[in-house]
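Step one of this worksheet: look at the structure below.
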Number of protein chains: 2
Amino acid sequence: MNKAVIGLDFGTESARAVLVDATSGALLASAQRAYPDGVIDEKLPHSATPLPPAWALQNSDDWLSALTALVQTVSTQAGTDPSDIIGMGIDFTACTVLPVTATGAPLHTVKAFCERPHAWPKLWKHHAAQAQADRINETALARKQRWLARYGGKISAEWLLPKALQMLEEDPELYAATDHFVEGADWVVWQLSGVLARNACAAGYKATWHKGEGFPAADFLAALHPDFSGLYRDKVRGPVVPPGQLVGYLTPGWAKRLGLTTRTAVATPLIDAHAAVLGAGVTDAHTLVMMMGTSTCHLLMSERETLVEGISGVVEDGIVPGLFGYEAGQAGVGDLFAWFVKQALPPRYYEEARAQGVDLHRVLTQRARRQRPGQHGLLALDWWNGNRSTLVDANLSGLLLGATLETKPEDIYRALIESTAFGTRVIIEAFTQKGVAVEAVVAAGGLTENALLMQIYADVSGHVIRVANSPQASALGAAMLGATAAGKAAGGHDTLAQAATTMAPASEQRYHPIAAHQRVYETLFTEYKRLYTFFGRGQNDVMKVLRALKSQSQKEC
Amino acid sequence: MNKAVIGLDFGTESARAVLVDATSGALLASAQRAYPDGVIDEKLPHSATPLPPAWALQNSDDWLSALTALVQTVSTQAGTDPSDIIGMGIDFTACTVLPVTATGAPLHTVKAFCERPHAWPKLWKHHAAQAQADRINETALARKQRWLARYGGKISAEWLLPKALQMLEEDPELYAATDHFVEGADWVVWQLSGVLARNACAAGYKATWHKGEGFPAADFLAALHPDFSGLYRDKVRGPVVPPGQLVGYLTPGWAKRLGLTTRTAVATPLIDAHAAVLGAGVTDAHTLVMMMGTSTCHLLMSERETLVEGISGVVEDGIVPGLFGYEAGQAGVGDLFAWFVKQALPPRYYEEARAQGVDLHRVLTQRARRQRPGQHGLLALDWWNGNRSTLVDANLSGLLLGATLETKPEDIYRALIESTAFGTRVIIEAFTQKGVAVEAVVAAGGLTENALLMQIYADVSGHVIRVANSPQASALGAAMLGATAAGKAAGGHDTLAQAATTMAPASEQRYHPIAAHQRVYETLFTEYKRLYTFFGRGQNDVMKVLRALKSQSQKEC
């Protein structure tokens with residue numbers, strides 16, 4: 001009988017688990033569980049003290065209780081013999097980081113600290129360290145830090161460095177009491193296996209680690225704050241390990257609690273989006289994977305490292321050992337369409353959706369798909385949430401051009417979809433211009449269900465787009481990590497490539513570019529790029545002027 | 001006892017009449033009447049033959065029946081002695097033009113012609129002569145016609161020349177049978193008084209007449225079509241007369257039909273928007289009158305003639321005898337706000353309007369007025385219906401810039417209002433740069449009821465804006481024409497200025513610029529002008545590219 005593996009996907013509001021056949025990847029059971037405390041952004045649990053603006057925390061107890069319940073649920077559902085569950089892998093949001101003691105106890109579980117916000121895990125979308133991020137970027141630029149260029153010239157307020165610096169500046173006592181800053185993913189693995197290993201993916205993409213150069217140097221850290229110089233040496237200790245390696249086996253305590261055995265291998269994890277690359281069956285160089293949700297994450301691997309404009313990061317071993325993983329992104333995609341539906345759609349569309357029993361996006365898509373490319377006469381810049389790649393500029397904003405008194409909501413909706421496709425094409429061109437070839441394109445995530453959108457992406461990019469089958473690509477990718485950590489001899493696989501080859505479901509769904517559409521989109525893309533350059537590269541800084549007026553007027557209020 | 005005068009305002013769907021005191025201007029009675037055939041744009045009355053696209057006709061019988069009923073209604077309502085009604089003035093849409101016989105019989109009332117579309121009065125918004133207008137503009141440019149510059153370098157498809165040329169080309173027999181092309185206004189006056197006089201306003205603004213140079217020359221007309229050379233000489237005969245002159249007195253037949261006397265003076269008319277200038281009490285140079293409705297018409301008088309960029313026309317005696325009347329305009333203003341409400345407003349605003357028992361514009365205005373200038377972070381180009389002044393380019397289109405995921409409908413609504421105010425300021429600057437000073441600003445029309453909008457116009461323009469009181473400014477202006485035609489000796493006035501001084505209701509409603517707002521709008525206007533130039537003057541022709549793709553894709557359908 002085939003062996004089985006568990007994949008656990010730790011998200012923002014909930015966690016999901018899959019139990020899959022370690023050979024075929026067939027789904028044997030799956031479950032989902034919300035975190036009781038969810039996103040902690042108003043006040044700490046059991047406390048009345050409000051959190052400052054832009055804070056976002058999680059409760060690490062939620063991770064473990066969700067994990068326990070999910071593993072029990074999927075094992076029971078599938079009726080698999082515990083001894084046949086050979087491995088376990090996880091993926092996690094990142095940078096979701098927590099301060100812990102030398103033994104791994106989260107500081108918020110220490111009675112003396114539990115009322116202090118900085119003692120809690122900072123969720124990826126904790127944005128209260130923007131001032132620190134700005135200073136880090138300025139200082140890194142001024143001190144010509146080589147690593148800065150690997151992150152498109154700017155690191156995000158969401159990452160480890162700003163989050164740790166914020167803690168040092170706002171609660172130095174707690175900073176001093178921190179033995180380790182650990183990614184949530186690595187902390188969960190530490191709990192399960194008793195071993196602390198730092199996954200190369202989060203270390204590289206979120207903690208400015210480089211396989212050859214290590215972490216930023218102490219003198220740079222000292223320039224930020226005299227007590228910050230020892231951050232990496234003292235508080236980010238431990239080996240950085242590529243994904244899918246065996247960290248250890250379940251400890252007796254966890255084996256018992258989960259109803260499994262101490263022969264279950266625990267793997268080095270991945271960030272959720274990166275795990276979905278495996279889940280989509282991609283482990284080779286030069287296949288672009290687009291994770292298309294509220295935002296789009298573009299992941300691409302190559303045999304070599306080069307600097308590509310405006311990428312979010314390039315990390316050796318960041319997705320698959322032995323390859324350089326490139327990440328780029330668009331900050332607002334599904335979010336943009338959701339904005340449009342919420343803020344700009346008249347009642348008759350709601351009535352139509354009700355009458356047909358479908359959702360609003362479906363109504364708009366049905367209408368928009370009757371159009372030919374170019375028919376609506378519109379062009380947009382998809383910067384409603386700023387531009388991540390290639391401009392790395394959160395202060396850019398959205399533009400819609402070409403509106404007339406005849407313009408209808410479905411026209412604008414289609415133009416917005418097209419604008420995000422143009423944004424993706426700019427990213428593809430940024431890669432290929434630097435010699436990082438894009439030979440194939442795979443799409444995953446919720447937006448792939450929109451056939452019109454997918455066709456537009458094919459027409460605009462000129463690439464055949466394959467849609468990844470798995471609705472739970474991240475969790476499946478995590479399961480592959482577990483299967484690889486277990487190894488072939490135990491019934492798993494020796495490499496992630498082998499795991500992906502057999503465990504990823506083959507997808508036959510493909511969108512082919514239509515030549516007549518491509519011609520029109522070629523013209524529109526030329527215009528898009530002119531506007532992209534004009535407004536994005538400082539030829540006209542009106543978007544910055546508007547931002548400045550806006551924040552000035554808000555200060556006066 | 002004071003004498004009284006009647007003002008008749010002939011609109012697109014209906015006509016209105018006021019009976020006012022000839023001294024004080026006090027309103028004694030008013031009435032409105034819809035035209036039975038309304039706008040004829042689908043098929044001719046009593047015919048099944050569909051009209052081609054873009055046609056728009058009226059029935060001249062509707063004008064006379066409305067006039068008859070309205071005059072009877074207001075006289076009866078007010079109980080004024082017919083012998084005290086000393087004058088009658090009218091204003092009319094233009095260019096609304098009809099072909100008539102030598103005795104003034106409209107060709108559509110001639111049995112042989114009544115089934116032929118070209119026999120009917122072409123309403124101002126008949127747009128089926130665009131091809132002719134394009135050729136006229138090209139030919140005029142190629143032949144360096146001086147008059148072209150007086151119309152911003154381009155005449156409209158709505159004007160006399162294209163409408164007449166369309167008839168010649170599509171129905172030459174009917175063209176040959178036409179003795180006169182007459183404006184609806186002049187034709188009504190002809191009926192009432194038995195005298196054909198052409199009003200200088202319509203002749204100048206819509207039929208390319210100039211007091212010093214006359215009409216375009218025969219050789220130019222011949223270049224358009226060999227049989228067109230005699231248009232003005234043969235078919236646009238008759239004196240061109242300034243507004244408010246005595247054309248004649250009511251004929252016995254009409255005096256009887258209306259229940260008035262043959263001592264009622266009939267005045268040379270004005271176009272409706274121009275009559276509203278008088279109705280707003282303005283007869284002096286350098287006061288800009290803005291007629292703010294679905295579009296905005298800017299009217300300004302000066303002692304001298306000069307060429308101002310992108311104006312719709314400059315006509316000596318065009319509004320008040322002895323002054324040069326300048327007309328400029330914005331093609332979409334109220335229309336733009338109506339578009340927004342119809343195409344981009346979510347259901348919760350409808351619910352709010354219902355709950356409060358107010359209209360949607362009110363709901364948006366209430367929300368938008370809580371903001372400070374600059375707070376929404378948006379900037380728009382108000383070109384949803386193209387740009388009339390100063391660019392005279394119908395192929396330009398709307399732009400909205402600065403949108404984020406936080407942008408709300410009231411933000412966009414306010415940005416659209418501001419964009420139309422910026423557009424007006426560009427027009428004011430075009431005048432002042434050419435030495436046509438704007439010393440005061442008066443607003444009239446439906447949009448003046450929106451206090452937020454009016455304040456924004458004051459803040460953006462830097463001018464105190466006085467709101468004209470009369471809700472029927474055009475009809476009141478028409479009554480002033482009648483009072484002036486009657487003359488002081490008969491109980492009226494000797495000049496339009498005297499009539500306006502006593503008959504226009506004084507308005508105390510004024511909007512003063514707020515210095516703190518002006519500072520922010522100065523910054524925004526600078527950005528607006530940069531975008532205006534960039535997209536409007538060929539630095540980036542993306543709007544043209546989009547129009548071309550749009551019309552190409554429609555042809556393919």
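Naming scheme: A, B, ... for chains in displayed order of the structure tokens; residues 1 onward per chain; ligands 1 onward as shown.
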
Legend entry - Residues within 9 Å of segment 510-514 of chain A, only C-alpha atoms, excluding chain neighbours under 5 positions, as a list in words: Ala451, Met454, Gln455, Ile456, Tyr457, Ala458, Asp459, Val460, Ser461, Gly462, His463, Val464, Ile465, Arg466, Val467 and Arg519 of chain A

I'd like the neighbourhood of segment 243-246 of chain B as a PDB file with N, CA and C atoms, in the first residue's frame, where a residue qualifies if any of its atoms comes within 8 Å (using only C-alpha atoms), though same-chain residues fewer than 5 positions away should be ignored.
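The result, stored in result-v4.pdb:
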ATOM      1  N   GLY B  89     -40.843  88.885 -27.217  1.00  0.00           N
ATOM      2  CA  GLY B  89     -39.513  88.468 -27.669  1.00  0.00           C
ATOM      3  C   GLY B  89     -39.398  86.963 -27.567  1.00  0.00           C
ATOM      4  N   ASN B 199     -31.610  87.055 -37.227  1.00  0.00           N
ATOM      5  CA  ASN B 199     -31.006  87.584 -36.001  1.00  0.00           C
ATOM      6  C   ASN B 199     -29.492  87.402 -36.041  1.00  0.00           C
ATOM      7  N   ALA B 200     -28.785  88.442 -35.628  1.00  0.00           N
ATOM      8  CA  ALA B 200     -27.322  88.457 -35.695  1.00  0.00           C
ATOM      9  C   ALA B 200     -26.700  87.367 -34.837  1.00  0.00           C
ATOM     10  N   CYS B 201     -27.406  86.994 -33.799  1.00  0.00           N
ATOM     11  CA  CYS B 201     -26.865  85.988 -32.871  1.00  0.00           C
ATOM     12  C   CYS B 201     -26.722  84.642 -33.567  1.00  0.00           C
ATOM     13  N   ALA B 265     -45.229  94.863 -30.253  1.00  0.00           N
ATOM     14  CA  ALA B 265     -43.967  94.817 -31.007  1.00  0.00           C
ATOM     15  C   ALA B 265     -43.356  93.423 -30.975  1.00  0.00           C
ATOM     16  N   VAL B 266     -42.754  93.013 -32.085  1.00  0.00           N
ATOM     17  CA  VAL B 266     -42.048  91.719 -32.152  1.00  0.00           C
ATOM     18  C   VAL B 266     -40.572  92.011 -32.392  1.00  0.00           C
ATOM     19  N   ALA B 267     -39.724  91.411 -31.547  1.00  0.00           N
ATOM     20  CA  ALA B 267     -38.296  91.742 -31.535  1.00  0.00           C
ATOM     21  C   ALA B 267     -37.453  90.734 -32.288  1.00  0.00           C
ATOM     22  N   THR B 268     -36.252  91.158 -32.741  1.00  0.00           N
ATOM     23  CA  THR B 268     -35.272  90.163 -33.223  1.00  0.00           C
ATOM     24  C   THR B 268     -34.870  89.307 -32.033  1.00  0.00           C
ATOM     25  N   PRO B 269     -34.802  88.001 -32.279  1.00  0.00           N
ATOM     26  CA  PRO B 269     -34.577  87.056 -31.184  1.00  0.00           C
ATOM     27  C   PRO B 269     -33.089  86.820 -30.863  1.00  0.00           C
ATOM     28  N   LEU B 270     -32.886  85.947 -29.895  1.00  0.00           N
ATOM     29  CA  LEU B 270     -31.551  85.464 -29.509  1.00  0.00           C
ATOM     30  C   LEU B 270     -31.580  83.939 -29.396  1.00  0.00           C
ATOM     31  N   ASP B 317     -22.509  92.342 -32.109  1.00  0.00           N
ATOM     32  CA  ASP B 317     -23.962  92.408 -31.915  1.00  0.00           C
ATOM     33  C   ASP B 317     -24.568  91.049 -31.573  1.00  0.00           C
ATOM     34  N   GLY B 318     -23.728  90.089 -31.211  1.00  0.00           N
ATOM     35  CA  GLY B 318     -24.231  88.711 -31.022  1.00  0.00           C
ATOM     36  C   GLY B 318     -25.103  88.565 -29.794  1.00  0.00           C
ATOM     37  N   ILE B 319     -24.923  89.429 -28.798  1.00  0.00           N
ATOM     38  CA  ILE B 319     -25.738  89.338 -27.579  1.00  0.00           C
ATOM     39  C   ILE B 319     -26.402  90.690 -27.318  1.00  0.00           C
ATOM     40  N   VAL B 320     -25.575  91.721 -27.332  1.00  0.00           N
ATOM     41  CA  VAL B 320     -26.060  93.087 -27.126  1.00  0.00           C
ATOM     42  C   VAL B 320     -25.493  93.944 -28.257  1.00  0.00           C
ATOM     43  N   PRO B 321     -26.315  94.774 -28.866  1.00  0.00           N
ATOM     44  CA  PRO B 321     -25.813  95.606 -29.957  1.00  0.00           C
ATOM     45  C   PRO B 321     -24.628  96.454 -29.493  1.00  0.00           C
ATOM     46  N   MET B 480     -37.209  90.837 -22.322  1.00  0.00           N
ATOM     47  CA  MET B 480     -36.467  92.098 -22.417  1.00  0.00           C
ATOM     48  C   MET B 480     -36.296  92.529 -23.874  1.00  0.00           C
ATOM     49  N   LEU B 481     -36.100  91.526 -24.749  1.00  0.00           N
ATOM     50  CA  LEU B 481     -36.020  91.840 -26.180  1.00  0.00           C
ATOM     51  C   LEU B 481     -37.314  92.510 -26.630  1.00  0.00           C
ATOM     52  N   GLY B 482     -38.446  91.949 -26.188  1.00  0.00           N
ATOM     53  CA  GLY B 482     -39.755  92.506 -26.548  1.00  0.00           C
ATOM     54  C   GLY B 482     -39.940  93.913 -26.002  1.00  0.00           C
ATOM     55  N   THR B 484     -37.635  96.063 -25.347  1.00  0.00           N
ATOM     56  CA  THR B 484     -36.756  97.000 -26.039  1.00  0.00           C
ATOM     57  C   THR B 484     -37.283  97.292 -27.455  1.00  0.00           C
ATOM     58  N   ALA B 485     -37.822  96.257 -28.083  1.00  0.00           N
ATOM     59  CA  ALA B 485     -38.412  96.477 -29.411  1.00  0.00           C
ATOM     60  C   ALA B 485     -39.593  97.453 -29.312  1.00  0.00           C
ATOM     61  N   ALA B 486     -40.363  97.349 -28.223  1.00  0.00           N
ATOM     62  CA  ALA B 486     -41.512  98.248 -28.024  1.00  0.00           C
ATOM     63  C   ALA B 486     -41.057  99.691 -27.802  1.00  0.00           C
ATOM     64  N   LEU B 496     -31.294  97.490 -24.477  1.00  0.00           N
ATOM     65  CA  LEU B 496     -31.288  96.247 -23.695  1.00  0.00           C
ATOM     66  C   LEU B 496     -30.677  96.490 -22.322  1.00  0.00           C
TER      67      LEU B 496
END

Inset, instruction - Mind the document's chain letters and residue numbers, and return as a PyMOL selection string the residues of segment 183-398 of chain B that DSSP labels strand (DSSP E). - result: chain B and resi 183+198-199+240-241+246-249+265-267+270-271+287-292+296-302+313-316+324-330+379-381+398

Could the residues in this selection be written to a file with C-alpha atoms, as a PDB file, in the first residue's frame?
ATOM      1  CA  GLU B 183     -33.516  79.664 -38.261  1.00  0.00           C
ATOM      2  CA  ARG B 198     -32.168  87.232 -39.577  1.00  0.00           C
ATOM      3  CA  ASN B 199     -31.006  87.584 -36.001  1.00  0.00           C
ATOM      4  CA  VAL B 240     -29.056  90.523 -40.429  1.00  0.00           C
ATOM      5  CA  VAL B 241     -30.380  92.468 -37.454  1.00  0.00           C
ATOM      6  CA  LEU B 246     -38.274  96.069 -33.771  1.00  0.00           C
ATOM      7  CA  VAL B 247     -38.922  93.666 -36.643  1.00  0.00           C
ATOM      8  CA  GLY B 248     -42.579  94.608 -36.890  1.00  0.00           C
ATOM      9  CA  TYR B 249     -45.882  94.380 -35.062  1.00  0.00           C
ATOM     10  CA  ALA B 265     -43.967  94.817 -31.007  1.00  0.00           C
ATOM     11  CA  VAL B 266     -42.048  91.719 -32.152  1.00  0.00           C
ATOM     12  CA  ALA B 267     -38.296  91.742 -31.535  1.00  0.00           C
ATOM     13  CA  LEU B 270     -31.551  85.464 -29.509  1.00  0.00           C
ATOM     14  CA  ILE B 271     -30.291  81.946 -29.105  1.00  0.00           C
ATOM     15  CA  THR B 287     -18.798  89.911 -17.060  1.00  0.00           C
ATOM     16  CA  LEU B 288     -18.560  86.201 -17.788  1.00  0.00           C
ATOM     17  CA  VAL B 289     -21.890  84.405 -17.719  1.00  0.00           C
ATOM     18  CA  MET B 290     -21.786  80.647 -17.253  1.00  0.00           C
ATOM     19  CA  MET B 291     -24.905  78.776 -18.288  1.00  0.00           C
ATOM     20  CA  MET B 292     -24.396  75.592 -16.329  1.00  0.00           C
ATOM     21  CA  THR B 296     -21.710  74.747 -19.835  1.00  0.00           C
ATOM     22  CA  CYS B 297     -21.837  77.708 -22.159  1.00  0.00           C
ATOM     23  CA  HIS B 298     -19.543  80.634 -21.332  1.00  0.00           C
ATOM     24  CA  LEU B 299     -20.631  84.015 -22.671  1.00  0.00           C
ATOM     25  CA  LEU B 300     -18.583  87.150 -22.377  1.00  0.00           C
ATOM     26  CA  MET B 301     -18.761  90.573 -24.039  1.00  0.00           C
ATOM     27  CA  SER B 302     -16.016  92.971 -24.962  1.00  0.00           C
ATOM     28  CA  GLY B 313     -17.491  82.009 -31.779  1.00  0.00           C
ATOM     29  CA  VAL B 314     -17.103  85.750 -31.516  1.00  0.00           C
ATOM     30  CA  VAL B 315     -19.946  87.823 -32.975  1.00  0.00           C
ATOM     31  CA  GLU B 316     -20.430  91.569 -33.103  1.00  0.00           C
ATOM     32  CA  PHE B 324     -18.616  91.657 -29.393  1.00  0.00           C
ATOM     33  CA  GLY B 325     -20.101  88.545 -27.847  1.00  0.00           C
ATOM     34  CA  TYR B 326     -17.717  85.665 -27.173  1.00  0.00           C
ATOM     35  CA  GLU B 327     -18.957  82.146 -26.674  1.00  0.00           C
ATOM     36  CA  ALA B 328     -16.942  79.252 -25.277  1.00  0.00           C
ATOM     37  CA  GLY B 329     -18.038  76.015 -23.743  1.00  0.00           C
ATOM     38  CA  GLN B 330     -17.489  72.744 -21.963  1.00  0.00           C
ATOM     39  CA  LEU B 379      -7.480  64.488 -10.291  1.00  0.00           C
ATOM     40  CA  ALA B 380      -9.616  64.203 -13.427  1.00  0.00           C
ATOM     41  CA  LEU B 381      -9.719  65.552 -16.954  1.00  0.00           C
ATOM     42  CA  GLY B 398     -12.093  61.398 -19.769  1.00  0.00           C
TER      43      GLY B 398
END

Inset, instruction - Up to 6 Å from chain B, what residues of chain A turn up? Count only C-alpha atoms and give them as a ChimeraX atom specification. - result: /A:344-347,374-375,377,384-385,397-405,543,546-547,549-550,553

Legend entry - Close residues, segment 96-112 of chain B itself excluded, 7 Å, only C-alpha atoms, min 4 positions apart in chain, as a PyMOL selection string: chain B and resi 119-124+178-184

Inset, instruction - Find, counting only C-alpha atoms, the residue in B:Ala48, B:Leu161, B:Leu416, B:Ala275 that gets nearest to Phe10 of chain B. - result: B:Ala275

Inset, instruction - Just the residues within 10 Å of Ala133 of chain B, please, counting only C-alpha atoms, with nothing from its chain fewer than 5 positions along; format it as number ranges by chain. - result: B: 127-128, 138-139, 154-163, 165-166

Atoms to include: all heavy atoms. Write the selected residues as a tab-separated table (two decimals), in the first residue's frame.
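Written file, selection.tsv:
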chain	number	residue	atom	x	y	z
B	127	HIS	N	-27.08	65.34	-35.87
B	127	HIS	CA	-25.63	65.16	-36.00
B	127	HIS	C	-25.25	64.36	-37.25
B	127	HIS	O	-24.15	63.84	-37.35
B	127	HIS	CB	-25.06	64.47	-34.76
B	127	HIS	CG	-25.02	65.38	-33.56
B	127	HIS	ND1	-25.25	64.97	-32.28
B	127	HIS	CD2	-24.79	66.72	-33.48
B	127	HIS	CE1	-25.16	66.00	-31.45
B	127	HIS	NE2	-24.89	67.07	-32.16
B	128	ALA	N	-26.19	64.29	-38.19
B	128	ALA	CA	-25.95	63.45	-39.37
B	128	ALA	C	-25.14	64.16	-40.45
B	128	ALA	O	-24.88	63.58	-41.49
B	128	ALA	CB	-27.30	62.97	-39.93
B	138	GLU	N	-11.90	70.94	-43.34
B	138	GLU	CA	-10.67	70.66	-44.09
B	138	GLU	C	-10.49	71.68	-45.22
B	138	GLU	O	-9.40	72.21	-45.44
B	138	GLU	CB	-10.72	69.25	-44.71
B	138	GLU	CG	-10.52	68.14	-43.71
B	138	GLU	CD	-11.07	66.81	-44.24
B	138	GLU	OE1	-11.20	66.66	-45.48
B	138	GLU	OE2	-11.40	65.94	-43.40
B	139	THR	N	-11.58	71.90	-45.94
B	139	THR	CA	-11.51	72.82	-47.08
B	139	THR	C	-11.23	74.24	-46.62
B	139	THR	O	-10.41	74.95	-47.23
B	139	THR	CB	-12.84	72.76	-47.86
B	139	THR	OG1	-13.14	71.39	-48.15
B	139	THR	CG2	-12.75	73.53	-49.17
B	154	LYS	N	-12.65	75.41	-36.05
B	154	LYS	CA	-13.47	74.26	-36.45
B	154	LYS	C	-14.94	74.61	-36.27
B	154	LYS	O	-15.33	75.11	-35.21
B	154	LYS	CB	-13.12	73.08	-35.55
B	154	LYS	CG	-13.23	71.72	-36.20
B	154	LYS	CD	-12.80	70.65	-35.23
B	154	LYS	CE	-11.32	70.30	-35.37
B	154	LYS	NZ	-10.91	69.22	-34.43
B	155	ILE	N	-15.76	74.38	-37.30
B	155	ILE	CA	-17.19	74.58	-37.08
B	155	ILE	C	-17.84	73.23	-36.77
B	155	ILE	O	-17.28	72.16	-37.05
B	155	ILE	CB	-17.89	75.29	-38.26
B	155	ILE	CG1	-18.01	74.35	-39.46
B	155	ILE	CG2	-17.18	76.59	-38.62
B	155	ILE	CD1	-19.04	74.83	-40.47
B	156	SER	N	-19.01	73.29	-36.19
B	156	SER	CA	-19.67	72.09	-35.71
B	156	SER	C	-20.62	71.53	-36.76
B	156	SER	O	-21.16	72.27	-37.59
B	156	SER	CB	-20.46	72.46	-34.44
B	156	SER	OG	-21.47	71.51	-34.19
B	157	ALA	N	-20.83	70.23	-36.69
B	157	ALA	CA	-21.81	69.57	-37.57
B	157	ALA	C	-23.22	70.07	-37.32
B	157	ALA	O	-24.13	69.83	-38.11
B	157	ALA	CB	-21.75	68.06	-37.36
B	158	GLU	N	-23.40	70.78	-36.19
B	158	GLU	CA	-24.74	71.26	-35.87
B	158	GLU	C	-25.11	72.53	-36.63
B	158	GLU	O	-26.25	72.97	-36.57
B	158	GLU	CB	-24.83	71.55	-34.35
B	158	GLU	CG	-24.67	70.30	-33.50
B	158	GLU	CD	-24.69	70.60	-32.00
B	158	GLU	OE1	-24.85	71.78	-31.64
B	158	GLU	OE2	-24.56	69.65	-31.22
B	159	TRP	N	-24.17	73.13	-37.33
B	159	TRP	CA	-24.39	74.47	-37.85
B	159	TRP	C	-25.04	74.48	-39.24
B	159	TRP	O	-25.20	73.45	-39.87
B	159	TRP	CB	-23.07	75.24	-37.86
B	159	TRP	CG	-22.54	75.50	-36.46
B	159	TRP	CD1	-23.04	74.99	-35.29
B	159	TRP	CD2	-21.41	76.27	-36.11
B	159	TRP	NE1	-22.30	75.41	-34.23
B	159	TRP	CE2	-21.29	76.22	-34.69
B	159	TRP	CE3	-20.48	77.03	-36.82
B	159	TRP	CZ2	-20.27	76.88	-34.01
B	159	TRP	CZ3	-19.47	77.69	-36.13
B	159	TRP	CH2	-19.37	77.62	-34.74
B	160	LEU	N	-25.34	75.69	-39.71
B	160	LEU	CA	-26.07	75.82	-40.97
B	160	LEU	C	-25.34	75.23	-42.18
B	160	LEU	O	-25.95	74.48	-42.96
B	160	LEU	CB	-26.36	77.31	-41.26
B	160	LEU	CG	-27.02	77.56	-42.63
B	160	LEU	CD1	-28.45	77.05	-42.64
B	160	LEU	CD2	-26.97	79.03	-43.01
B	161	LEU	N	-24.06	75.56	-42.32
B	161	LEU	CA	-23.35	75.12	-43.53
B	161	LEU	C	-23.40	73.61	-43.71
B	161	LEU	O	-23.82	73.13	-44.78
B	161	LEU	CB	-21.89	75.59	-43.48
B	161	LEU	CG	-21.53	76.90	-44.20
B	161	LEU	CD1	-20.03	77.13	-44.12
B	161	LEU	CD2	-21.97	76.84	-45.67
B	162	PRO	N	-23.01	72.81	-42.71
B	162	PRO	CA	-23.08	71.36	-42.91
B	162	PRO	C	-24.51	70.87	-43.13
B	162	PRO	O	-24.74	69.97	-43.95
B	162	PRO	CB	-22.49	70.77	-41.62
B	162	PRO	CG	-21.93	71.90	-40.85
B	162	PRO	CD	-22.38	73.19	-41.44
B	163	LYS	N	-25.47	71.43	-42.42
B	163	LYS	CA	-26.85	70.97	-42.57
B	163	LYS	C	-27.35	71.24	-43.99
B	163	LYS	O	-28.01	70.39	-44.61
B	163	LYS	CB	-27.76	71.63	-41.53
B	163	LYS	CG	-27.67	70.92	-40.16
B	163	LYS	CD	-28.41	71.64	-39.05
B	163	LYS	CE	-28.47	70.76	-37.78
B	163	LYS	NZ	-28.69	71.50	-36.55
B	165	LEU	N	-25.45	71.68	-46.69
B	165	LEU	CA	-24.68	70.87	-47.63
B	165	LEU	C	-25.16	69.42	-47.64
B	165	LEU	O	-25.23	68.77	-48.69
B	165	LEU	CB	-23.18	70.95	-47.28
B	165	LEU	CG	-22.20	70.23	-48.21
B	165	LEU	CD1	-22.34	70.70	-49.66
B	165	LEU	CD2	-20.75	70.42	-47.72
B	166	GLN	N	-25.51	68.93	-46.47
B	166	GLN	CA	-26.06	67.56	-46.40
B	166	GLN	C	-27.31	67.44	-47.26
B	166	GLN	O	-27.51	66.48	-48.00
B	166	GLN	CB	-26.37	67.17	-44.95
B	166	GLN	CG	-26.78	65.69	-44.81
B	166	GLN	CD	-27.51	65.38	-43.51
B	166	GLN	OE1	-27.81	66.27	-42.72
B	166	GLN	NE2	-27.80	64.10	-43.30

Inset, instruction - Using DSSP on the backbone coordinates, identify the residues of segment 37-273 of chain B assigned to alpha helix (DSSP H); present them as a ChimeraX atom specification. - result: /B:60-78,130-142,160-170,172-177,184-193,200-206,218-224,252-258,272-273

Inset, instruction - Just the residues within 10 Å of Gly152 of chain A, please, counting only C-alpha atoms, with nothing from its chain fewer than 5 positions along; format it as JSON, numbers by chain. - result: {"A": [147, 307, 308, 309, 310, 311, 312, 313, 314, 328, 388, 389, 390, 391, 392]}
